[in-house]
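Heads up, entry-v4.txt below (compact mmCIF, C-alpha atoms):
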```txt
# COMPACT_ATOMS: atom_id res chain seq x y z
CA MET I 890 -20.72 6.27 -41.97
CA THR I 891 -22.14 2.79 -42.58
CA PRO I 892 -23.09 1.07 -39.29
CA HIS I 893 -20.59 -1.59 -38.30
CA VAL I 894 -21.84 -5.17 -38.35
CA ILE I 895 -21.26 -6.61 -34.89
CA GLU I 896 -20.09 -10.20 -34.80
CA PRO I 897 -20.13 -11.54 -31.22
CA ASP I 898 -16.97 -13.28 -30.02
CA PRO I 899 -17.35 -14.00 -26.28
CA GLN I 900 -14.17 -16.08 -26.18
CA ALA I 901 -12.08 -13.16 -27.41
CA GLY I 902 -13.82 -10.88 -24.94
CA ALA I 903 -12.99 -13.23 -22.08
CA ALA I 904 -9.32 -13.22 -23.11
CA VAL I 905 -9.23 -9.42 -23.21
CA LYS I 906 -10.87 -9.23 -19.78
CA ALA I 907 -8.48 -11.80 -18.30
CA ALA I 908 -5.42 -9.91 -19.54
CA ASP I 909 -6.82 -6.66 -18.23
CA ARG I 910 -7.49 -8.08 -14.79
CA ALA I 911 -4.03 -9.66 -14.67
CA HIS I 912 -1.99 -6.64 -15.70
CA VAL I 913 -3.83 -3.31 -16.08
CA PHE I 914 -3.93 -0.98 -13.08
CA HIS I 915 -6.99 1.26 -13.48
CA SER I 916 -7.30 4.89 -12.43
CA TRP I 917 -9.63 6.08 -9.65
CA SER I 918 -10.48 2.49 -8.69
CA ALA I 919 -10.15 -0.16 -6.01
CA GLN I 920 -8.63 -2.75 -8.32
CA GLY I 921 -10.40 -5.76 -6.85
CA LEU I 922 -13.84 -4.18 -6.95
CA ILE I 923 -14.12 -3.26 -10.62
CA ASP I 924 -15.36 -5.21 -13.63
CA PRO I 925 -14.35 -3.29 -16.79
CA LEU I 926 -16.37 -3.88 -19.91
CA ALA I 927 -14.28 -5.43 -22.70
CA VAL I 928 -14.84 -3.22 -25.74
CA ALA I 929 -14.61 -4.80 -29.18
CA GLY I 930 -14.96 -1.65 -31.28
CA ALA I 931 -16.46 1.79 -31.73
CA GLU I 932 -17.74 3.96 -34.56
CA GLY I 933 -19.44 7.33 -34.59
CA SER I 934 -21.59 7.72 -31.47
CA TYR I 935 -21.59 4.00 -30.60
CA PHE I 936 -19.36 1.30 -29.18
CA TRP I 937 -19.94 -2.41 -28.64
CA ASP I 938 -18.69 -5.33 -26.58
CA TYR I 939 -17.67 -8.86 -27.52
CA ASP I 940 -21.11 -10.24 -26.70
CA GLY I 941 -22.69 -8.11 -29.41
CA ASN I 942 -24.19 -5.46 -27.13
CA ARG I 943 -24.18 -2.02 -28.75
CA TYR I 944 -24.26 1.20 -26.70
CA LEU I 945 -25.01 4.80 -27.59
CA ASP I 946 -22.18 6.66 -25.86
CA PHE I 947 -23.62 9.59 -23.91
CA THR I 948 -20.19 10.12 -22.28
CA SER I 949 -18.09 10.83 -25.40
CA GLY I 950 -15.39 8.67 -23.84
CA LEU I 951 -14.53 11.04 -21.01
CA VAL I 952 -16.17 13.97 -22.78
CA TYR I 953 -13.53 14.09 -25.51
CA THR I 954 -14.69 12.21 -28.63
CA ASN I 955 -16.24 15.41 -29.96
CA ILE I 956 -16.36 14.08 -33.53
CA GLY I 957 -17.21 10.53 -32.47
CA TYR I 958 -15.13 7.38 -32.81
CA GLN I 959 -13.04 6.42 -35.85
CA HIS I 960 -13.76 9.40 -38.07
CA PRO I 961 -12.17 8.25 -41.36
CA LYS I 962 -10.56 11.61 -42.19
CA VAL I 963 -8.79 11.84 -38.84
CA VAL I 964 -7.72 8.19 -38.93
CA ALA I 965 -6.31 8.76 -42.43
CA ALA I 966 -4.44 11.89 -41.30
CA ILE I 967 -2.77 9.97 -38.47
CA GLN I 968 -1.80 7.18 -40.86
CA GLU I 969 -0.42 9.64 -43.40
CA GLN I 970 1.60 11.49 -40.75
CA ALA I 971 2.99 8.21 -39.40
CA GLY I 972 4.29 7.42 -42.87
CA LYS I 973 5.78 10.89 -43.30
CA LEU I 974 7.27 11.75 -39.87
CA SER I 975 5.99 9.77 -36.92
CA THR I 976 7.84 11.69 -34.20
CA PHE I 977 10.30 14.50 -33.67
CA ALA I 978 11.68 16.45 -30.71
CA PRO I 979 9.76 19.58 -29.63
CA ALA I 980 12.65 22.03 -30.06
CA PHE I 981 12.33 21.94 -33.86
CA ALA I 982 9.87 23.64 -36.19
CA ILE I 983 7.65 20.92 -37.70
CA ASP I 984 5.02 21.75 -40.31
CA VAL I 985 2.12 19.87 -38.72
CA ARG I 986 2.92 21.28 -35.27
CA SER I 987 2.99 24.82 -36.61
CA GLU I 988 -0.28 24.26 -38.48
CA ALA I 989 -2.04 22.86 -35.42
CA ALA I 990 -0.91 25.85 -33.36
CA ARG I 991 -2.11 28.26 -36.06
CA LEU I 992 -5.53 26.65 -36.35
CA ILE I 993 -6.02 26.65 -32.57
CA ALA I 994 -4.85 30.26 -32.20
CA GLU I 995 -7.25 31.36 -34.92
CA ARG I 996 -10.16 30.06 -32.85
CA THR I 997 -9.19 31.19 -29.36
CA PRO I 998 -10.66 34.49 -28.16
CA GLY I 999 -8.70 37.74 -28.01
CA ASP I 1000 -4.92 37.66 -28.26
CA LEU I 1001 -4.36 34.07 -27.11
CA ASP I 1002 -2.05 33.52 -30.07
CA LYS I 1003 0.83 31.48 -28.65
CA ILE I 1004 0.30 27.77 -28.06
CA PHE I 1005 2.30 25.62 -25.63
CA PHE I 1006 1.56 21.96 -26.31
CA THR I 1007 1.22 19.30 -23.61
CA ASN I 1008 0.10 15.68 -23.56
CA GLY I 1009 -3.24 16.40 -21.89
CA GLY I 1010 -5.34 18.69 -19.74
CA ALA I 1011 -3.67 18.20 -16.36
CA GLU I 1012 -0.25 19.09 -17.79
CA ALA I 1013 -1.84 22.12 -19.43
CA VAL I 1014 -3.07 23.29 -16.03
CA GLU I 1015 0.32 22.60 -14.45
CA ASN I 1016 2.06 24.78 -17.01
CA ALA I 1017 -0.55 27.54 -17.02
CA VAL I 1018 -0.16 27.89 -13.25
CA ARG I 1019 3.63 27.88 -13.56
CA MET I 1020 3.46 30.62 -16.18
CA ALA I 1021 1.16 32.69 -13.97
CA ARG I 1022 3.41 32.34 -10.93
CA LEU I 1023 6.53 33.26 -12.87
CA HIS I 1024 4.80 36.16 -14.62
CA THR I 1025 3.53 37.70 -11.38
CA GLY I 1026 6.21 36.60 -8.93
CA ARG I 1027 3.40 35.48 -6.63
CA THR I 1028 2.55 32.03 -5.27
CA LYS I 1029 -1.13 31.56 -4.40
CA VAL I 1030 -3.68 30.31 -6.91
CA MET I 1031 -7.41 30.50 -6.29
CA SER I 1032 -9.77 27.79 -7.51
CA ALA I 1033 -13.40 26.90 -6.93
CA TYR I 1034 -15.07 24.14 -5.03
CA ARG I 1035 -17.07 21.96 -7.45
CA SER I 1036 -14.23 21.85 -9.96
CA TYR I 1037 -11.84 19.40 -11.58
CA HIS I 1038 -8.53 20.41 -13.11
CA GLY I 1039 -6.58 17.15 -13.47
CA ALA I 1040 -4.69 14.51 -11.51
CA THR I 1041 -1.07 15.71 -11.58
CA SER I 1042 0.39 17.35 -8.47
CA THR I 1043 -0.65 20.99 -8.89
CA ALA I 1044 -3.80 20.18 -10.86
CA ILE I 1045 -5.16 17.78 -8.24
CA ASN I 1046 -4.53 20.31 -5.46
CA LEU I 1047 -6.46 22.89 -7.47
CA THR I 1048 -9.36 20.47 -7.89
CA GLY I 1049 -12.43 21.03 -5.73
CA ASP I 1050 -14.02 17.57 -5.74
CA PRO I 1051 -13.26 14.59 -3.45
CA ARG I 1052 -10.68 13.11 -5.79
CA ARG I 1053 -8.35 15.74 -4.33
CA TRP I 1054 -8.61 14.57 -0.73
CA PRO I 1055 -6.11 11.65 -0.69
CA SER I 1056 -3.46 13.81 -2.41
CA ASP I 1057 -4.14 17.15 -0.69
CA ASN I 1058 -0.82 17.98 0.94
CA GLY I 1059 -1.94 21.41 2.13
CA SER I 1060 1.19 23.10 0.82
CA ALA I 1061 0.40 23.82 -2.80
CA GLY I 1062 -0.48 27.50 -2.30
CA VAL I 1063 -4.12 26.93 -3.25
CA VAL I 1064 -7.02 29.01 -1.91
CA ARG I 1065 -10.53 27.79 -2.65
CA PHE I 1066 -13.74 29.77 -2.98
CA TRP I 1067 -17.40 29.22 -3.89
CA ALA I 1068 -18.31 29.85 -7.51
CA PRO I 1069 -21.95 30.56 -8.43
CA PHE I 1070 -24.47 27.71 -8.59
CA LEU I 1071 -28.00 29.01 -8.17
CA TYR I 1072 -29.71 25.62 -7.75
CA ARG I 1073 -27.60 24.92 -4.65
CA SER I 1074 -26.63 28.50 -3.88
CA PRO I 1075 -24.10 28.99 -1.07
CA PHE I 1076 -25.17 32.64 -1.02
CA TYR I 1077 -28.92 32.23 -0.36
CA ALA I 1078 -29.62 33.86 -3.71
CA THR I 1079 -32.98 33.56 -5.45
CA THR I 1080 -32.09 34.99 -8.88
CA GLU I 1081 -29.16 34.70 -11.26
CA ALA I 1082 -28.39 38.38 -10.76
CA GLU I 1083 -28.19 37.92 -6.97
CA GLU I 1084 -26.07 34.79 -7.34
CA SER I 1085 -23.61 36.53 -9.66
CA ALA I 1086 -23.29 39.65 -7.50
CA ARG I 1087 -22.92 37.73 -4.24
CA ALA I 1088 -20.42 35.26 -5.72
CA LEU I 1089 -18.30 38.14 -7.01
CA GLN I 1090 -18.43 39.87 -3.61
CA HIS I 1091 -17.44 36.63 -1.90
CA LEU I 1092 -14.51 36.24 -4.29
CA GLU I 1093 -13.29 39.79 -3.75
CA ASP I 1094 -13.67 39.45 0.03
CA THR I 1095 -11.60 36.25 -0.06
CA ILE I 1096 -8.91 38.03 -2.05
CA ALA I 1097 -8.86 40.86 0.47
CA PHE I 1098 -8.31 38.51 3.39
CA GLU I 1099 -5.72 36.40 1.55
CA GLY I 1100 -3.79 39.46 0.43
CA PRO I 1101 -4.15 40.56 -3.21
CA ALA I 1102 -0.39 40.90 -3.65
CA THR I 1103 0.07 37.21 -2.82
CA ILE I 1104 -2.28 35.83 -5.49
CA ALA I 1105 -0.82 34.82 -8.84
CA ALA I 1106 -3.93 33.49 -10.57
CA ILE I 1107 -7.59 32.59 -10.43
CA ILE I 1108 -8.46 29.43 -12.37
CA LEU I 1109 -12.02 28.53 -13.34
CA GLU I 1110 -13.59 26.04 -15.67
CA THR I 1111 -15.55 28.29 -18.02
CA VAL I 1112 -18.45 25.88 -17.59
CA PRO I 1113 -17.58 23.34 -14.87
CA GLY I 1114 -17.77 19.84 -16.32
CA THR I 1115 -17.52 16.76 -14.12
CA ALA I 1116 -18.60 18.80 -11.09
CA GLY I 1117 -22.05 19.37 -12.57
CA ILE I 1118 -22.15 21.56 -15.71
CA MET I 1119 -23.11 24.71 -13.81
CA THR I 1120 -23.40 27.41 -16.48
CA PRO I 1121 -22.22 30.67 -14.86
CA PRO I 1122 -24.85 33.40 -14.54
CA PRO I 1123 -24.65 36.51 -16.74
CA GLY I 1124 -21.95 38.91 -15.65
CA TYR I 1125 -20.00 36.52 -13.45
CA LEU I 1126 -17.02 35.74 -15.67
CA THR I 1127 -16.69 39.36 -16.84
CA GLY I 1128 -16.80 40.33 -13.17
CA VAL I 1129 -13.96 37.91 -12.41
CA ARG I 1130 -12.04 39.41 -15.32
CA GLU I 1131 -12.48 42.87 -13.78
CA ILE I 1132 -11.35 41.68 -10.35
CA CYS I 1133 -8.24 40.09 -11.86
CA ASP I 1134 -7.41 43.31 -13.70
CA LYS I 1135 -7.94 45.33 -10.52
CA TYR I 1136 -5.43 43.30 -8.50
CA GLY I 1137 -2.96 42.24 -11.20
CA ILE I 1138 -4.06 38.61 -10.99
CA VAL I 1139 -3.72 36.26 -13.99
CA PHE I 1140 -7.08 34.90 -15.14
CA ILE I 1141 -6.92 31.26 -16.31
CA LEU I 1142 -9.90 29.60 -17.97
CA ASP I 1143 -9.88 25.81 -18.09
CA GLU I 1144 -11.56 24.75 -21.35
CA VAL I 1145 -10.24 21.19 -21.33
CA MET I 1146 -13.79 19.80 -21.31
CA ALA I 1147 -15.86 22.76 -22.51
CA GLY I 1148 -13.71 23.66 -25.51
CA PHE I 1149 -13.81 22.70 -29.19
CA GLY I 1150 -17.53 22.77 -29.84
CA ARG I 1151 -18.87 21.15 -26.69
CA THR I 1152 -21.04 24.16 -25.73
CA GLY I 1153 -22.02 25.11 -29.29
CA LYS I 1154 -19.09 27.52 -29.68
CA TRP I 1155 -15.45 26.80 -30.42
CA PHE I 1156 -14.74 27.84 -26.83
CA ALA I 1157 -17.26 28.38 -24.05
CA ALA I 1158 -15.69 31.77 -23.27
CA GLU I 1159 -17.40 33.10 -26.41
CA HIS I 1160 -20.79 32.71 -24.73
CA PHE I 1161 -19.73 35.10 -21.97
CA ASP I 1162 -17.72 37.65 -23.94
CA VAL I 1163 -14.63 37.16 -21.79
CA VAL I 1164 -10.95 36.77 -22.67
CA PRO I 1165 -8.62 35.18 -20.11
CA ASP I 1166 -4.85 35.62 -19.89
CA LEU I 1167 -4.30 31.87 -20.27
CA MET I 1168 -6.61 29.14 -21.53
CA THR I 1169 -6.05 25.42 -21.14
CA PHE I 1170 -7.36 22.89 -23.64
CA ALA I 1171 -7.17 19.16 -24.49
CA LYS I 1172 -9.79 16.44 -25.13
CA GLY I 1173 -11.82 17.79 -28.08
CA VAL I 1174 -8.82 19.41 -29.79
CA ASN I 1175 -8.35 16.15 -31.68
CA SER I 1176 -11.24 14.10 -30.29
CA GLY I 1177 -8.76 12.21 -28.12
CA TYR I 1178 -7.44 10.16 -31.03
CA VAL I 1179 -3.84 10.83 -29.90
CA PRO I 1180 -3.11 12.48 -26.51
CA LEU I 1181 -2.78 16.27 -26.85
CA GLY I 1182 -3.40 19.32 -24.71
CA GLY I 1183 -2.03 22.79 -24.34
CA VAL I 1184 -2.07 26.33 -23.08
CA ALA I 1185 -3.15 29.26 -25.22
CA ILE I 1186 -1.11 32.25 -24.05
CA SER I 1187 -1.87 35.98 -24.25
CA GLU I 1188 0.61 38.46 -25.66
CA ARG I 1189 1.26 39.91 -22.19
CA ILE I 1190 2.16 36.56 -20.62
CA ALA I 1191 4.17 35.45 -23.65
CA ALA I 1192 6.23 38.66 -23.45
CA THR I 1193 7.47 37.61 -20.00
CA PHE I 1194 9.36 34.77 -21.62
CA GLU I 1195 10.63 36.63 -24.68
CA LYS I 1196 14.12 37.09 -23.20
CA ARG I 1197 13.72 34.85 -20.18
CA ALA I 1198 13.64 31.09 -20.61
CA TYR I 1199 10.42 29.38 -19.69
CA PRO I 1200 11.43 26.58 -17.29
CA GLY I 1201 9.13 23.86 -18.52
CA GLY I 1202 8.73 21.34 -21.30
CA LEU I 1203 7.71 17.82 -22.25
CA THR I 1204 9.41 15.21 -24.39
CA TYR I 1205 6.29 14.77 -26.52
CA SER I 1206 5.16 18.41 -26.64
CA GLY I 1207 3.42 18.94 -29.97
CA HIS I 1208 3.86 15.31 -31.03
CA PRO I 1209 3.45 15.08 -34.83
CA LEU I 1210 0.81 12.33 -34.72
CA ALA I 1211 -1.24 14.24 -32.15
CA CYS I 1212 -0.92 17.49 -34.09
CA ALA I 1213 -1.90 15.77 -37.34
CA ALA I 1214 -5.01 14.51 -35.59
CA ALA I 1215 -5.73 18.05 -34.34
CA VAL I 1216 -5.37 19.58 -37.81
CA ALA I 1217 -7.68 16.95 -39.30
CA THR I 1218 -10.20 17.25 -36.46
CA ILE I 1219 -10.45 21.03 -36.74
CA GLN I 1220 -10.87 20.73 -40.50
CA VAL I 1221 -13.61 18.12 -40.06
CA MET I 1222 -15.35 20.35 -37.54
CA GLU I 1223 -15.28 23.22 -40.04
CA ASP I 1224 -16.29 21.20 -43.09
CA GLU I 1225 -19.07 19.28 -41.37
CA LYS I 1226 -20.28 22.21 -39.24
CA VAL I 1227 -19.83 20.22 -36.05
CA VAL I 1228 -19.88 23.27 -33.76
CA GLU I 1229 -23.09 24.46 -35.35
CA ASN I 1230 -24.57 20.98 -34.96
CA ALA I 1231 -23.75 20.96 -31.24
CA ALA I 1232 -25.58 24.27 -30.82
CA HIS I 1233 -28.54 23.04 -32.87
CA ILE I 1234 -28.88 19.74 -31.01
CA GLY I 1235 -28.74 21.55 -27.67
CA GLU I 1236 -31.34 24.12 -28.64
CA THR I 1237 -33.81 21.87 -30.45
CA VAL I 1238 -33.38 18.33 -29.09
CA LEU I 1239 -31.40 17.86 -25.88
CA GLY I 1240 -32.47 21.01 -24.05
CA PRO I 1241 -36.21 20.67 -24.74
CA GLY I 1242 -36.09 16.89 -24.38
CA LEU I 1243 -34.34 16.92 -21.01
CA ARG I 1244 -36.70 19.59 -19.67
CA GLU I 1245 -39.65 17.48 -20.80
CA LEU I 1246 -38.21 14.50 -18.91
CA ALA I 1247 -37.89 16.69 -15.83
CA GLU I 1248 -41.59 17.51 -15.98
CA ARG I 1249 -42.52 13.83 -15.85
CA HIS I 1250 -39.88 12.40 -13.51
CA PRO I 1251 -39.90 13.45 -9.84
CA SER I 1252 -36.26 12.35 -9.52
CA VAL I 1253 -35.10 15.23 -11.75
CA GLY I 1254 -34.54 18.33 -9.68
CA ASP I 1255 -32.69 20.52 -12.15
CA VAL I 1256 -31.72 20.57 -15.84
CA ARG I 1257 -28.85 22.75 -16.98
CA GLY I 1258 -26.43 23.05 -19.87
CA MET I 1259 -25.86 24.20 -23.44
CA GLY I 1260 -24.77 22.64 -26.71
CA VAL I 1261 -24.09 18.95 -26.06
CA PHE I 1262 -23.08 19.64 -22.46
CA TRP I 1263 -25.99 18.91 -20.09
CA SER I 1264 -26.58 17.72 -16.56
CA LEU I 1265 -29.59 16.32 -14.70
CA ASP I 1266 -29.45 16.86 -10.93
CA LEU I 1267 -31.27 13.86 -9.43
CA VAL I 1268 -33.02 14.32 -6.09
CA LYS I 1269 -35.01 12.44 -3.49
CA ASN I 1270 -37.36 15.36 -3.06
CA ARG I 1271 -37.86 18.29 -5.40
CA GLU I 1272 -39.01 20.60 -2.63
CA THR I 1273 -36.03 20.07 -0.34
CA ARG I 1274 -33.62 19.39 -3.23
CA GLU I 1275 -32.04 16.58 -1.22
CA PRO I 1276 -29.69 14.72 -3.60
CA LEU I 1277 -30.74 11.23 -4.65
CA VAL I 1278 -27.54 9.94 -2.99
CA PRO I 1279 -25.27 11.65 -0.43
CA TYR I 1280 -22.22 13.64 -1.51
CA ASN I 1281 -19.42 11.28 -2.60
CA ALA I 1282 -21.59 8.24 -1.84
CA ALA I 1283 -20.20 4.75 -2.34
CA GLY I 1284 -21.41 1.18 -1.85
CA GLU I 1285 -24.95 0.77 -0.56
CA ALA I 1286 -25.36 4.53 -0.13
CA ASN I 1287 -24.93 4.90 -3.89
CA ALA I 1288 -27.43 2.14 -4.76
CA PRO I 1289 -30.07 4.44 -6.34
CA MET I 1290 -27.57 5.91 -8.82
CA ALA I 1291 -26.12 2.46 -9.51
CA ALA I 1292 -29.62 1.20 -10.31
CA PHE I 1293 -30.19 4.16 -12.62
CA GLY I 1294 -26.92 3.49 -14.45
CA ALA I 1295 -27.68 -0.21 -14.84
CA ALA I 1296 -31.10 0.60 -16.28
CA ALA I 1297 -29.58 3.00 -18.82
CA LYS I 1298 -27.12 0.34 -19.99
CA LYS I 1299 -29.89 -2.25 -20.21
CA ASN I 1300 -31.61 0.13 -22.64
CA GLY I 1301 -28.50 0.52 -24.80
CA LEU I 1302 -27.24 3.83 -23.37
CA TRP I 1303 -23.85 4.25 -21.74
CA PRO I 1304 -24.44 7.06 -19.22
CA PHE I 1305 -22.11 9.57 -17.60
CA VAL I 1306 -22.90 9.25 -13.88
CA ASN I 1307 -21.21 11.29 -11.16
CA MET I 1308 -22.52 11.49 -7.60
CA ASN I 1309 -26.25 12.38 -7.84
CA ARG I 1310 -26.08 13.52 -11.46
CA THR I 1311 -26.21 12.10 -14.93
CA HIS I 1312 -24.71 14.13 -17.73
CA ALA I 1313 -25.88 14.10 -21.34
CA VAL I 1314 -22.63 14.68 -23.23
CA PRO I 1315 -22.76 12.88 -26.59
CA ALA I 1316 -20.45 13.60 -29.51
CA CYS I 1317 -20.74 17.11 -30.92
CA ASN I 1318 -21.74 15.61 -34.28
CA VAL I 1319 -24.48 13.44 -32.76
CA SER I 1320 -27.53 13.26 -35.02
CA GLU I 1321 -31.05 14.27 -34.04
CA ALA I 1322 -32.13 10.63 -34.24
CA GLU I 1323 -29.27 9.51 -31.96
CA ALA I 1324 -29.99 12.28 -29.45
CA LYS I 1325 -33.66 11.26 -29.35
CA GLU I 1326 -32.62 7.63 -28.91
CA GLY I 1327 -30.57 8.71 -25.90
CA LEU I 1328 -33.49 10.66 -24.45
CA ALA I 1329 -35.75 7.61 -24.75
CA ALA I 1330 -33.22 5.46 -22.88
CA LEU I 1331 -32.87 8.14 -20.20
CA ASP I 1332 -36.65 8.23 -19.88
CA ALA I 1333 -36.72 4.53 -19.02
CA ALA I 1334 -33.76 4.76 -16.64
CA LEU I 1335 -35.23 7.74 -14.79
CA SER I 1336 -38.28 5.63 -13.98
CA VAL I 1337 -35.91 3.50 -11.90
CA ALA I 1338 -34.53 6.62 -10.18
CA ASP I 1339 -38.11 7.73 -9.48
CA GLU I 1340 -38.54 4.64 -7.29
CA HIS I 1341 -36.11 6.17 -4.78
CA THR I 1342 -37.85 9.53 -4.43
CA ALA I 1343 -39.88 10.58 -1.40
```

When written as structure tokens, how does the structure in this file appear?
Amino acid sequence: MTPHVIEPDPQAGAAVKAADRAHVFHSWSAQGLIDPLAVAGAEGSYFWDYDGNRYLDFTSGLVYTNIGYQHPKVVAAIQEQAGKLSTFAPAFAIDVRSEAARLIAERTPGDLDKIFFTNGGAEAVENAVRMARLHTGRTKVMSAYRSYHGATSTAINLTGDPRRWPSDNGSAGVVRFWAPFLYRSPFYATTEAEESARALQHLEDTIAFEGPATIAAIILETVPGTAGIMTPPPGYLTGVREICDKYGIVFILDEVMAGFGRTGKWFAAEHFDVVPDLMTFAKGVNSGYVPLGGVAISERIAATFEKRAYPGGLTYSGHPLACAAAVATIQVMEDEKVVENAAHIGETVLGPGLRELAERHPSVGDVRGMGVFWSLDLVKNRETREPLVPYNAAGEANAPMAAFGAAAKKNGLWPFVNMNRTHAVPACNVSEAEAKEGLAALDAALSVADEHTA
């Protein structure tokens, strides 16, 4: 793709910003305290503003532009579909919808061969939980602290991070537990084997005290995303699978962020040799070009609704434009070996490069990840592992991370910053040169974070 020539137009940018501030209500924000960047365009791994500043996007939007911005084949597929059949109700069989479902089912693990389409990840979680409750006749759902599952009613109550707190009504039938995270182990473990075994024992103990016959499902992000990219230790997910089988609990894996190449496999579950009963997806399924998500359903769960109506649906389920984008995206990922590239970049560039940064910067306490899905845990003190900023810090308490983020942007990198972490999550088709450019910008920004270490 030929690099776009950026022509600054500050006047146009000011108009865009003024209209935004007058009429757009932004998510997760105090409206009077934000200053959104006016974006003029994007292409590949980069986007730019109206002042001519160009940024390497190490966020992939919100970790969804897995094939980068404006891929010409996907843009063309959306245009072609719009000219052919721009929309149609979900109760009908539509060629592009059927093809998208087939291509997704071919890549999901095990017998997850039925696809229920939604508009995004939160709705996928909502419907997966509904399916599990109806299938089992039970109510409770177990989810982990340090998790994010979406912002709709059930999904936000399942979420383990502070975004849940204002909406936590305490009546959603959710039971939370600690998933493994060796760097900040809640189990006083010193090895991955200990962490896995103790986390599984904790989970089974929690089930025992909650009452196994009351629990419909356990939902886990295969690799937790926004909460910190904590790759589960060997044996943990297969252990959860065994516990679910033992008690007749539905196992749901949330692959909204980790799926479609992000970890160097089509789905992260492949790394751990585990097959859930239900799997949610969104984001990378079509690189976010048109909103799309869904639930991949096992034969056993699908059979529950063979003669019994499933009481759920959405007006835009399997929207033709979104499905056309999914078909084209999956084809691009195959043709251009995007999944293989994500694995290669993680193994040869990002992984080694981030670990090398950790050796030189005292603010980096831990490096973890796979593929193009990495996190740096920033700390005040490596020995004590005290986070660089307090949990859920805001305002002055968050100043060290704000300074780090500003330094990254000054060096042409748009960073993914959450609490005391920065995540390296570029497009799955990021080039070696682009990844190294990002590492260089991180290197400079981490020098600013180092100033706040003890």

Could I get the residues of region 1086-1199 of chain I with an atom no further than 12 Å from an atom of region 1265-1288 of chain I, each paired with its nearest atom pair and that distance in Å to one decimal, using all atoms listed in the file, sorted by chain and residue number, as JSON lines?
```
{"residue": "I:Ala1116", "atom": "CA", "partner": "I:Asp1266", "partner_atom": "CA", "distance": 11.0}
{"residue": "I:Gly1117", "atom": "CA", "partner": "I:Asp1266", "partner_atom": "CA", "distance": 8.0}
{"residue": "I:Ile1118", "atom": "CA", "partner": "I:Leu1265", "partner_atom": "CA", "distance": 9.2}
{"residue": "I:Met1119", "atom": "CA", "partner": "I:Asp1266", "partner_atom": "CA", "distance": 10.5}
```

For the residues in that selection, give me C-alpha atoms as a tab-separated table (two decimals), in the coordinates of the input.
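part.tsv written:
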```tsv
chain	number	residue	atom	x	y	z
I	1116	ALA	CA	-18.60	18.80	-11.09
I	1117	GLY	CA	-22.05	19.37	-12.57
I	1118	ILE	CA	-22.15	21.56	-15.71
I	1119	MET	CA	-23.11	24.71	-13.81
```

Under the rule of at most 10 Å, produce a per-residue listing of region 902-1009 of chain I near region 1145-1168 of chain I: chain, number, name, the closest pair of atoms, and the distance in Å, as a tab-separated table, using only C-alpha atoms.
```
residue	atom	partner	partner_atom	distance
I:Leu951	CA	I:Met1146	CA	8.8
I:Val952	CA	I:Met1146	CA	6.5
I:Tyr953	CA	I:Met1146	CA	7.1
I:Asn955	CA	I:Arg1151	CA	7.1
I:Ile956	CA	I:Gly1150	CA	9.5
I:Ile993	CA	I:Phe1149	CA	9.4
I:Arg996	CA	I:Trp1155	CA	6.7
I:Thr997	CA	I:Phe1156	CA	7.0
I:Pro998	CA	I:Val1164	CA	6.0
I:Gly999	CA	I:Val1164	CA	5.9
I:Asp1000	CA	I:Val1164	CA	8.3
I:Leu1001	CA	I:Leu1167	CA	7.2
I:Lys1003	CA	I:Leu1167	CA	9.8
I:Ile1004	CA	I:Met1168	CA	9.6
I:Gly1009	CA	I:Val1145	CA	8.5
```

Grab all the atoms of region 906-918 of chain I that the file lists, wrap them in a box along x, y and z, add 6 Å per side, and give me centre plus edge lengths in Å (one decimal) as JSON.
```
{"center_x": -6.4, "center_y": -2.9, "center_z": -14.2, "size_x": 20.9, "size_y": 29.9, "size_z": 23.1}
```

Residues within 10 Å of (-23.8, 9.2, -17.1), file coords, only C-alpha atoms, listed as an mmCIF file with C-alpha atoms, in the coordinates of the input:
```
data_model
loop_
_atom_site.group_PDB
_atom_site.id
_atom_site.type_symbol
_atom_site.label_atom_id
_atom_site.label_comp_id
_atom_site.auth_asym_id
_atom_site.auth_seq_id
_atom_site.Cartn_x
_atom_site.Cartn_y
_atom_site.Cartn_z
ATOM 1 C CA ASP I 946 -22.180 6.660 -25.860
ATOM 2 C CA PHE I 947 -23.620 9.590 -23.910
ATOM 3 C CA THR I 948 -20.190 10.120 -22.280
ATOM 4 C CA SER I 1264 -26.580 17.720 -16.560
ATOM 5 C CA LEU I 1265 -29.590 16.320 -14.700
ATOM 6 C CA MET I 1290 -27.570 5.910 -8.820
ATOM 7 C CA PHE I 1293 -30.190 4.160 -12.620
ATOM 8 C CA GLY I 1294 -26.920 3.490 -14.450
ATOM 9 C CA ALA I 1297 -29.580 3.000 -18.820
ATOM 10 C CA LYS I 1298 -27.120 0.340 -19.990
ATOM 11 C CA LEU I 1302 -27.240 3.830 -23.370
ATOM 12 C CA TRP I 1303 -23.850 4.250 -21.740
ATOM 13 C CA PRO I 1304 -24.440 7.060 -19.220
ATOM 14 C CA PHE I 1305 -22.110 9.570 -17.600
ATOM 15 C CA VAL I 1306 -22.900 9.250 -13.880
ATOM 16 C CA ASN I 1307 -21.210 11.290 -11.160
ATOM 17 C CA MET I 1308 -22.520 11.490 -7.600
ATOM 18 C CA ARG I 1310 -26.080 13.520 -11.460
ATOM 19 C CA THR I 1311 -26.210 12.100 -14.930
ATOM 20 C CA HIS I 1312 -24.710 14.130 -17.730
ATOM 21 C CA ALA I 1313 -25.880 14.100 -21.340
ATOM 22 C CA VAL I 1314 -22.630 14.680 -23.230
ATOM 23 C CA LEU I 1331 -32.870 8.140 -20.200
#
```

Would you output region 1068-1072 of chain I from that structure, restricted to C-alpha atoms, as a compact mmCIF listing (two decimals), in the first residue's frame?
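Okay, out-v9.txt is ready:
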```txt
# COMPACT_ATOMS: atom_id res chain seq x y z
CA ALA I 1068 -7.92 -16.51 37.60
CA PRO I 1069 -4.17 -17.23 37.44
CA PHE I 1070 -1.70 -14.35 37.14
CA LEU I 1071 1.72 -15.39 38.38
CA TYR I 1072 3.30 -11.91 38.38
```
